[in-house]
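Single-structure report; data block below.
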Amino acid sequence: MIYHLFEYLRSYMDFPGSGIMRYISVRAILASMTAILIALVFGKSIIRKLQKRQIGEEIRDLGLEGQLAKKGTPTMGGVIILMAIAVPILLFGDLKNTYVLLLLITTVWLGLLGFADDYIKVFRKNKEGLPGRYKILWQVILGLAVGITVCLKEDTVSTLTTIPFIKDNEFDYAWLAPGSGKVKEILQVVIYVTVIIFITTAMSNGTNLTDGMDGLAAGISAIVGATLGVLAYLSGNVIYSDYLNIMYIPDSGEIAVFMAAFTGALLGFLWYNSYPAQVFMGDTGSLALGGIMGVAAILIRKELLTPVLCGIFFVESLSVIIQRVYFKHTKKKYGTGRRIFKMAPLHHHFQKEGIPALIAMPARAIPEAKIVMRFWLISILLAILTIITLKIR
């Protein structure tokens, strides 16, 4: 609103500072600062309301150190994050920008999906929450909408993306489509939209799985969000994109403003979510955060970099899949299920001891705060590696 107000006033009068809101860097800084303040100022009152309504986390006893002490900690704190993202964007974002609108829709869509899941768990006392098939369905619908919009934004179908470590690092999904003419055009869109649906769904669920320790998902998401913001700024600037020889995407610089608000909201939330947590984000936050990061990566055509940048989320999801497949296989073969990890998702593996598993290290449980910090450090290294891929070809 402030951005559009300045643009409106600028069209009628030229006053000192009238053009300041045209700078993406200025609006990104303002959005980030506003998001942090909103999370800090309103976070405390929201936590009190959650406590008053007894919206606390139900904890299953998994034998983890300090786990039962978290029982009753307010959940659904993702509301703080979503509010701290939306308000700065409404103030400083270009609401006519297609990319900003898609990210706002993603925030609301997956935020409501996560809220429904938390509501069922908390108020209906159903630990399973919303059935998985419904979650997947709504994530697929979102991915489909994003995919079609991205492909058909221009007058011609565009299925180009960035592939790391390759010279002239552009990859066209059309190369995977057989046939020619109209048939090939339709198939390339189908392939690209399918990839987008997969990325959106995988990122949303991967972040949800990672949200199992105080500050873990929020801290890693902040690192990923900041990196995506940098990539968006570079991709939306014709000079920088030409210098770095990366794909120039008109109007994508606005994504940097959104990701600045995203990162600021998470930093503010960490004030209350860091160990020992005063509030959990719940599925209200985790499903939305993953979706936002996935969609942002898609919009700047960097979705093939997500296995590197979002390596923690990727490995966490992979650990759950591997654990389940191996357990079912060994149970069928030997009559008793066996484990590769002491516990999945992976962060709990380092927190558990005394369980026989194929991977027995570490022998002793590592304190939760240390696990979180080490995962943050790994995420920072992965973010640096992702930026470096712009020049390593």
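Labels used: A, B, ... for chains in the order of the structure tokens, numbers from 1 for residues in each chain, and numbers from 1 for ligands as shown.
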Checklist entry - Which residues come within 9 Å of range 237-249 of chain A, counting only C-alpha atoms, excluding same-chain residues fewer than 4 positions away, as a ChimeraX atom specification? => result /A:160-162,168-170,232-233,253,299-301,390-391
For the selection you just gave me, I'd like the residues written to a file as a PDB file, in the first residue's frame, keeping N, CA, C and O atoms.
```pdb
ATOM      1  N   LEU A 160      11.854 -23.009 -19.555  1.00  0.00           N
ATOM      2  CA  LEU A 160      13.282 -22.918 -19.274  1.00  0.00           C
ATOM      3  C   LEU A 160      13.521 -22.867 -17.775  1.00  0.00           C
ATOM      4  O   LEU A 160      12.720 -22.323 -17.021  1.00  0.00           O
ATOM      5  N   THR A 161      14.635 -23.434 -17.344  1.00  0.00           N
ATOM      6  CA  THR A 161      15.026 -23.348 -15.939  1.00  0.00           C
ATOM      7  C   THR A 161      16.554 -23.343 -15.862  1.00  0.00           C
ATOM      8  O   THR A 161      17.240 -23.425 -16.883  1.00  0.00           O
ATOM      9  N   THR A 162      17.060 -23.231 -14.642  1.00  0.00           N
ATOM     10  CA  THR A 162      18.506 -23.201 -14.419  1.00  0.00           C
ATOM     11  C   THR A 162      18.978 -24.557 -13.923  1.00  0.00           C
ATOM     12  O   THR A 162      18.352 -25.158 -13.047  1.00  0.00           O
ATOM     13  N   ASP A 168      26.576 -22.285 -19.694  1.00  0.00           N
ATOM     14  CA  ASP A 168      25.311 -21.836 -20.310  1.00  0.00           C
ATOM     15  C   ASP A 168      24.165 -22.610 -19.666  1.00  0.00           C
ATOM     16  O   ASP A 168      23.414 -23.338 -20.332  1.00  0.00           O
ATOM     17  N   ASN A 169      24.070 -22.430 -18.357  1.00  0.00           N
ATOM     18  CA  ASN A 169      23.294 -23.343 -17.502  1.00  0.00           C
ATOM     19  C   ASN A 169      21.779 -23.169 -17.588  1.00  0.00           C
ATOM     20  O   ASN A 169      21.100 -23.007 -16.588  1.00  0.00           O
ATOM     21  N   GLU A 170      21.246 -23.247 -18.783  1.00  0.00           N
ATOM     22  CA  GLU A 170      19.805 -23.249 -18.970  1.00  0.00           C
ATOM     23  C   GLU A 170      19.361 -24.608 -19.484  1.00  0.00           C
ATOM     24  O   GLU A 170      19.988 -25.197 -20.355  1.00  0.00           O
ATOM     25  N   ALA A 232      16.826 -14.077  -6.210  1.00  0.00           N
ATOM     26  CA  ALA A 232      15.741 -13.354  -6.878  1.00  0.00           C
ATOM     27  C   ALA A 232      16.183 -11.951  -7.281  1.00  0.00           C
ATOM     28  O   ALA A 232      15.876 -11.481  -8.380  1.00  0.00           O
ATOM     29  N   TYR A 233      16.917 -11.297  -6.387  1.00  0.00           N
ATOM     30  CA  TYR A 233      17.407  -9.945  -6.678  1.00  0.00           C
ATOM     31  C   TYR A 233      18.341  -9.961  -7.884  1.00  0.00           C
ATOM     32  O   TYR A 233      18.260  -9.100  -8.768  1.00  0.00           O
ATOM     33  N   GLY A 253      12.496  -9.484  -9.382  1.00  0.00           N
ATOM     34  CA  GLY A 253      13.147  -8.801  -8.269  1.00  0.00           C
ATOM     35  C   GLY A 253      12.208  -8.576  -7.096  1.00  0.00           C
ATOM     36  O   GLY A 253      12.649  -8.493  -5.945  1.00  0.00           O
ATOM     37  N   LEU A 299       9.675 -19.872  -9.185  1.00  0.00           N
ATOM     38  CA  LEU A 299       9.440 -18.598  -9.871  1.00  0.00           C
ATOM     39  C   LEU A 299      10.719 -17.971 -10.406  1.00  0.00           C
ATOM     40  O   LEU A 299      10.702 -17.281 -11.422  1.00  0.00           O
ATOM     41  N   ILE A 300      11.842 -18.210  -9.715  1.00  0.00           N
ATOM     42  CA  ILE A 300      13.115 -17.666 -10.206  1.00  0.00           C
ATOM     43  C   ILE A 300      13.886 -18.724 -10.996  1.00  0.00           C
ATOM     44  O   ILE A 300      15.065 -18.559 -11.289  1.00  0.00           O
ATOM     45  N   ARG A 301      13.192 -19.801 -11.329  1.00  0.00           N
ATOM     46  CA  ARG A 301      13.742 -20.878 -12.161  1.00  0.00           C
ATOM     47  C   ARG A 301      15.013 -21.482 -11.549  1.00  0.00           C
ATOM     48  O   ARG A 301      15.990 -21.744 -12.236  1.00  0.00           O
ATOM     49  N   LEU A 390      26.626 -20.370  -9.074  1.00  0.00           N
ATOM     50  CA  LEU A 390      26.422 -19.363 -10.114  1.00  0.00           C
ATOM     51  C   LEU A 390      27.658 -19.172 -10.966  1.00  0.00           C
ATOM     52  O   LEU A 390      27.595 -18.743 -12.118  1.00  0.00           O
ATOM     53  N   LYS A 391      28.846 -19.467 -10.377  1.00  0.00           N
ATOM     54  CA  LYS A 391      30.105 -19.267 -11.097  1.00  0.00           C
ATOM     55  C   LYS A 391      30.829 -20.579 -11.425  1.00  0.00           C
ATOM     56  O   LYS A 391      31.727 -20.602 -12.261  1.00  0.00           O
TER      57      LYS A 391
END
```
Checklist entry - Contacts of range 135-152 of chain A at 8 Å or less, counting only C-alpha atoms, minus same-chain residues fewer than 3 places along, as a PyMOL selection string? => result chain A and resi 102+106+109-110+113+130-132+155-159+189+192-194+196-198+200-201+295+299
Checklist entry - So which one's closest to Ala297 in chain A, A:Tyr99, A:Ile321, A:Gly335, A:Pro367? Using only C-alpha atoms, please. => result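 Among the listed residues, the smallest separation from Ala297 in chain A belongs to A:Tyr99.
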Item to check | Spatial neighbours of Ile387 in chain A, 12 Å, only C-alpha atoms, chain gap at least 6 places, as a ChimeraX atom specification | outcome: /A:164-165,224,226-232,234,244,246,302,305-306,308-309,380-381
Write out the residues from the selection above, keeping N, CA, C and O atoms, as a PDB file, in the first residue's frame.
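This went into result31.pdb:
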```pdb
ATOM      1  N   PRO A 164      22.458 -26.441 -12.333  1.00  0.00           N
ATOM      2  CA  PRO A 164      23.772 -26.087 -11.777  1.00  0.00           C
ATOM      3  C   PRO A 164      24.935 -26.843 -12.412  1.00  0.00           C
ATOM      4  O   PRO A 164      24.753 -27.913 -12.989  1.00  0.00           O
ATOM      5  N   PHE A 165      26.117 -26.237 -12.287  1.00  0.00           N
ATOM      6  CA  PHE A 165      27.396 -26.850 -12.676  1.00  0.00           C
ATOM      7  C   PHE A 165      27.566 -27.062 -14.189  1.00  0.00           C
ATOM      8  O   PHE A 165      28.459 -27.765 -14.608  1.00  0.00           O
ATOM      9  N   VAL A 224      17.482 -20.397   4.105  1.00  0.00           N
ATOM     10  CA  VAL A 224      17.061 -20.679   2.733  1.00  0.00           C
ATOM     11  C   VAL A 224      16.339 -19.469   2.141  1.00  0.00           C
ATOM     12  O   VAL A 224      16.577 -19.089   0.986  1.00  0.00           O
ATOM     13  N   ALA A 226      16.637 -16.273   2.899  1.00  0.00           N
ATOM     14  CA  ALA A 226      17.583 -15.193   2.603  1.00  0.00           C
ATOM     15  C   ALA A 226      18.341 -15.475   1.303  1.00  0.00           C
ATOM     16  O   ALA A 226      18.559 -14.576   0.481  1.00  0.00           O
ATOM     17  N   THR A 227      18.736 -16.730   1.104  1.00  0.00           N
ATOM     18  CA  THR A 227      19.459 -17.116  -0.111  1.00  0.00           C
ATOM     19  C   THR A 227      18.582 -16.961  -1.347  1.00  0.00           C
ATOM     20  O   THR A 227      19.020 -16.443  -2.382  1.00  0.00           O
ATOM     21  N   LEU A 228      17.331 -17.391  -1.250  1.00  0.00           N
ATOM     22  CA  LEU A 228      16.398 -17.232  -2.361  1.00  0.00           C
ATOM     23  C   LEU A 228      16.150 -15.761  -2.676  1.00  0.00           C
ATOM     24  O   LEU A 228      15.987 -15.380  -3.843  1.00  0.00           O
ATOM     25  N   GLY A 229      16.150 -14.933  -1.625  1.00  0.00           N
ATOM     26  CA  GLY A 229      15.992 -13.500  -1.829  1.00  0.00           C
ATOM     27  C   GLY A 229      17.144 -12.912  -2.635  1.00  0.00           C
ATOM     28  O   GLY A 229      16.944 -12.090  -3.545  1.00  0.00           O
ATOM     29  N   VAL A 230      18.361 -13.336  -2.302  1.00  0.00           N
ATOM     30  CA  VAL A 230      19.554 -12.887  -3.040  1.00  0.00           C
ATOM     31  C   VAL A 230      19.479 -13.334  -4.499  1.00  0.00           C
ATOM     32  O   VAL A 230      19.723 -12.541  -5.427  1.00  0.00           O
ATOM     33  N   LEU A 231      19.122 -14.590  -4.721  1.00  0.00           N
ATOM     34  CA  LEU A 231      19.019 -15.120  -6.085  1.00  0.00           C
ATOM     35  C   LEU A 231      17.928 -14.401  -6.878  1.00  0.00           C
ATOM     36  O   LEU A 231      18.090 -14.140  -8.081  1.00  0.00           O
ATOM     37  N   ALA A 232      16.826 -14.077  -6.210  1.00  0.00           N
ATOM     38  CA  ALA A 232      15.741 -13.354  -6.878  1.00  0.00           C
ATOM     39  C   ALA A 232      16.183 -11.951  -7.281  1.00  0.00           C
ATOM     40  O   ALA A 232      15.876 -11.481  -8.380  1.00  0.00           O
ATOM     41  N   LEU A 234      19.229 -10.944  -7.943  1.00  0.00           N
ATOM     42  CA  LEU A 234      20.176 -11.061  -9.057  1.00  0.00           C
ATOM     43  C   LEU A 234      19.459 -11.414 -10.359  1.00  0.00           C
ATOM     44  O   LEU A 234      19.767 -10.866 -11.423  1.00  0.00           O
ATOM     45  N   LEU A 244      26.673 -12.335 -14.288  1.00  0.00           N
ATOM     46  CA  LEU A 244      26.812 -13.688 -13.734  1.00  0.00           C
ATOM     47  C   LEU A 244      26.416 -14.772 -14.731  1.00  0.00           C
ATOM     48  O   LEU A 244      26.544 -15.959 -14.444  1.00  0.00           O
ATOM     49  N   ILE A 246      23.411 -15.639 -15.718  1.00  0.00           N
ATOM     50  CA  ILE A 246      22.279 -16.437 -15.248  1.00  0.00           C
ATOM     51  C   ILE A 246      21.010 -15.922 -15.918  1.00  0.00           C
ATOM     52  O   ILE A 246      20.995 -14.839 -16.502  1.00  0.00           O
ATOM     53  N   LYS A 302      14.958 -21.706 -10.247  1.00  0.00           N
ATOM     54  CA  LYS A 302      16.094 -22.324  -9.550  1.00  0.00           C
ATOM     55  C   LYS A 302      15.654 -23.591  -8.813  1.00  0.00           C
ATOM     56  O   LYS A 302      16.289 -24.009  -7.843  1.00  0.00           O
ATOM     57  N   LEU A 305      18.024 -26.383  -8.029  1.00  0.00           N
ATOM     58  CA  LEU A 305      19.035 -26.123  -7.003  1.00  0.00           C
ATOM     59  C   LEU A 305      18.541 -26.490  -5.608  1.00  0.00           C
ATOM     60  O   LEU A 305      19.322 -26.501  -4.657  1.00  0.00           O
ATOM     61  N   THR A 306      17.245 -26.770  -5.477  1.00  0.00           N
ATOM     62  CA  THR A 306      16.680 -27.031  -4.139  1.00  0.00           C
ATOM     63  C   THR A 306      17.283 -28.246  -3.431  1.00  0.00           C
ATOM     64  O   THR A 306      17.410 -28.224  -2.203  1.00  0.00           O
ATOM     65  N   VAL A 308      20.264 -28.954  -3.239  1.00  0.00           N
ATOM     66  CA  VAL A 308      21.477 -28.434  -2.597  1.00  0.00           C
ATOM     67  C   VAL A 308      21.105 -27.426  -1.523  1.00  0.00           C
ATOM     68  O   VAL A 308      21.450 -27.592  -0.343  1.00  0.00           O
ATOM     69  N   LEU A 309      20.395 -26.386  -1.923  1.00  0.00           N
ATOM     70  CA  LEU A 309      20.036 -25.321  -0.982  1.00  0.00           C
ATOM     71  C   LEU A 309      19.191 -25.841   0.180  1.00  0.00           C
ATOM     72  O   LEU A 309      19.417 -25.469   1.335  1.00  0.00           O
ATOM     73  N   ILE A 380      23.865 -23.227   6.359  1.00  0.00           N
ATOM     74  CA  ILE A 380      24.622 -22.051   5.900  1.00  0.00           C
ATOM     75  C   ILE A 380      25.647 -22.460   4.846  1.00  0.00           C
ATOM     76  O   ILE A 380      25.803 -21.786   3.814  1.00  0.00           O
ATOM     77  N   LEU A 381      26.341 -23.577   5.077  1.00  0.00           N
ATOM     78  CA  LEU A 381      27.322 -24.077   4.107  1.00  0.00           C
ATOM     79  C   LEU A 381      26.650 -24.428   2.786  1.00  0.00           C
ATOM     80  O   LEU A 381      27.186 -24.155   1.706  1.00  0.00           O
TER      81      LEU A 381
END
```
Next on the checklist: What does the structure give for the distance between CA of Thr73 in chain A and CA of Gln278 in chain A, in Å to one decimal?
Outcome noted: 6.4 Å
Item to check | Backbone DSSP call of alpha helix (DSSP H) for range 24-252 of chain A, listed as a PyMOL selection string | outcome: chain A and resi 24-52+78-92+98-123+132-151+181-210+216-235+238-244
Checklist entry - When you draw a straight line from CA of Ile89 in chain A to CA of Ala256 in chain A, how long is it in Å? => result 10.9 Å
Checklist entry - Which is closer to Val372 in chain A than all the others in A:Ala288, A:Met259, A:Ala217, A:Leu101, using only C-alpha atoms? => result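 Among the listed residues, the smallest separation from Val372 in chain A belongs to A:Ala217.
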Next on the checklist: Counting only C-alpha atoms, which residue out of A:Met281, A:Leu50, A:Leu216, A:Ile36 sits closest to Gly114 in chain A?
Outcome noted: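 Nearest candidate to Gly114 in chain A out of A:Met281, A:Leu50, A:Leu216, A:Ile36: A:Met281.
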Counting only C-alpha atoms, what is within 10 Å of Ile46 in chain A, bar same-chain residues fewer than 4 positions away, as a PDB file with N, CA, C and O atoms, in the first residue's frame?
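Wrote result.pdb, looks like this:
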```
ATOM      1  N   ALA A  39       6.514  -9.635  14.440  1.00  0.00           N
ATOM      2  CA  ALA A  39       6.659 -10.920  15.141  1.00  0.00           C
ATOM      3  C   ALA A  39       6.999 -10.710  16.613  1.00  0.00           C
ATOM      4  O   ALA A  39       6.467 -11.411  17.488  1.00  0.00           O
ATOM      5  N   VAL A  41       6.490  -7.857  18.512  1.00  0.00           N
ATOM      6  CA  VAL A  41       5.471  -7.096  19.247  1.00  0.00           C
ATOM      7  C   VAL A  41       4.197  -7.901  19.450  1.00  0.00           C
ATOM      8  O   VAL A  41       3.650  -7.977  20.554  1.00  0.00           O
ATOM      9  N   PHE A  42       3.712  -8.523  18.369  1.00  0.00           N
ATOM     10  CA  PHE A  42       2.439  -9.239  18.460  1.00  0.00           C
ATOM     11  C   PHE A  42       2.611 -10.699  18.875  1.00  0.00           C
ATOM     12  O   PHE A  42       1.649 -11.342  19.285  1.00  0.00           O
ATOM     13  N   LEU A  50      -2.965 -18.107  22.983  1.00  0.00           N
ATOM     14  CA  LEU A  50      -2.894 -19.561  22.757  1.00  0.00           C
ATOM     15  C   LEU A  50      -2.855 -20.306  24.085  1.00  0.00           C
ATOM     16  O   LEU A  50      -3.496 -21.355  24.245  1.00  0.00           O
ATOM     17  N   GLN A  51      -2.097 -19.758  25.045  1.00  0.00           N
ATOM     18  CA  GLN A  51      -2.024 -20.373  26.376  1.00  0.00           C
ATOM     19  C   GLN A  51      -3.367 -20.302  27.082  1.00  0.00           C
ATOM     20  O   GLN A  51      -3.800 -21.257  27.726  1.00  0.00           O
ATOM     21  N   LYS A  52      -4.042 -19.166  26.945  1.00  0.00           N
ATOM     22  CA  LYS A  52      -5.332 -18.968  27.607  1.00  0.00           C
ATOM     23  C   LYS A  52      -6.377 -19.944  27.089  1.00  0.00           C
ATOM     24  O   LYS A  52      -7.211 -20.455  27.834  1.00  0.00           O
ATOM     25  N   PRO A  74       2.391 -23.903  23.758  1.00  0.00           N
ATOM     26  CA  PRO A  74       1.435 -23.460  22.734  1.00  0.00           C
ATOM     27  C   PRO A  74       1.893 -23.805  21.320  1.00  0.00           C
ATOM     28  O   PRO A  74       3.065 -23.666  20.991  1.00  0.00           O
ATOM     29  N   MET A  76       0.429 -23.843  16.944  1.00  0.00           N
ATOM     30  CA  MET A  76      -0.240 -22.971  15.970  1.00  0.00           C
ATOM     31  C   MET A  76       0.388 -21.580  15.946  1.00  0.00           C
ATOM     32  O   MET A  76      -0.218 -20.611  15.516  1.00  0.00           O
ATOM     33  N   GLY A  77       1.639 -21.493  16.413  1.00  0.00           N
ATOM     34  CA  GLY A  77       2.352 -20.212  16.394  1.00  0.00           C
ATOM     35  C   GLY A  77       2.718 -19.761  14.992  1.00  0.00           C
ATOM     36  O   GLY A  77       3.216 -18.642  14.798  1.00  0.00           O
ATOM     37  N   VAL A  79       0.809 -18.758  12.971  1.00  0.00           N
ATOM     38  CA  VAL A  79      -0.004 -17.555  12.741  1.00  0.00           C
ATOM     39  C   VAL A  79       0.862 -16.298  12.861  1.00  0.00           C
ATOM     40  O   VAL A  79       0.701 -15.333  12.107  1.00  0.00           O
ATOM     41  N   ILE A  80       1.786 -16.302  13.803  1.00  0.00           N
ATOM     42  CA  ILE A  80       2.706 -15.167  13.999  1.00  0.00           C
ATOM     43  C   ILE A  80       3.537 -14.957  12.738  1.00  0.00           C
ATOM     44  O   ILE A  80       3.679 -13.824  12.246  1.00  0.00           O
ATOM     45  N   VAL A 279       6.802 -21.290  22.053  1.00  0.00           N
ATOM     46  CA  VAL A 279       5.699 -21.569  21.134  1.00  0.00           C
ATOM     47  C   VAL A 279       6.240 -22.420  19.983  1.00  0.00           C
ATOM     48  O   VAL A 279       7.410 -22.310  19.612  1.00  0.00           O
TER      49      VAL A 279
END
```
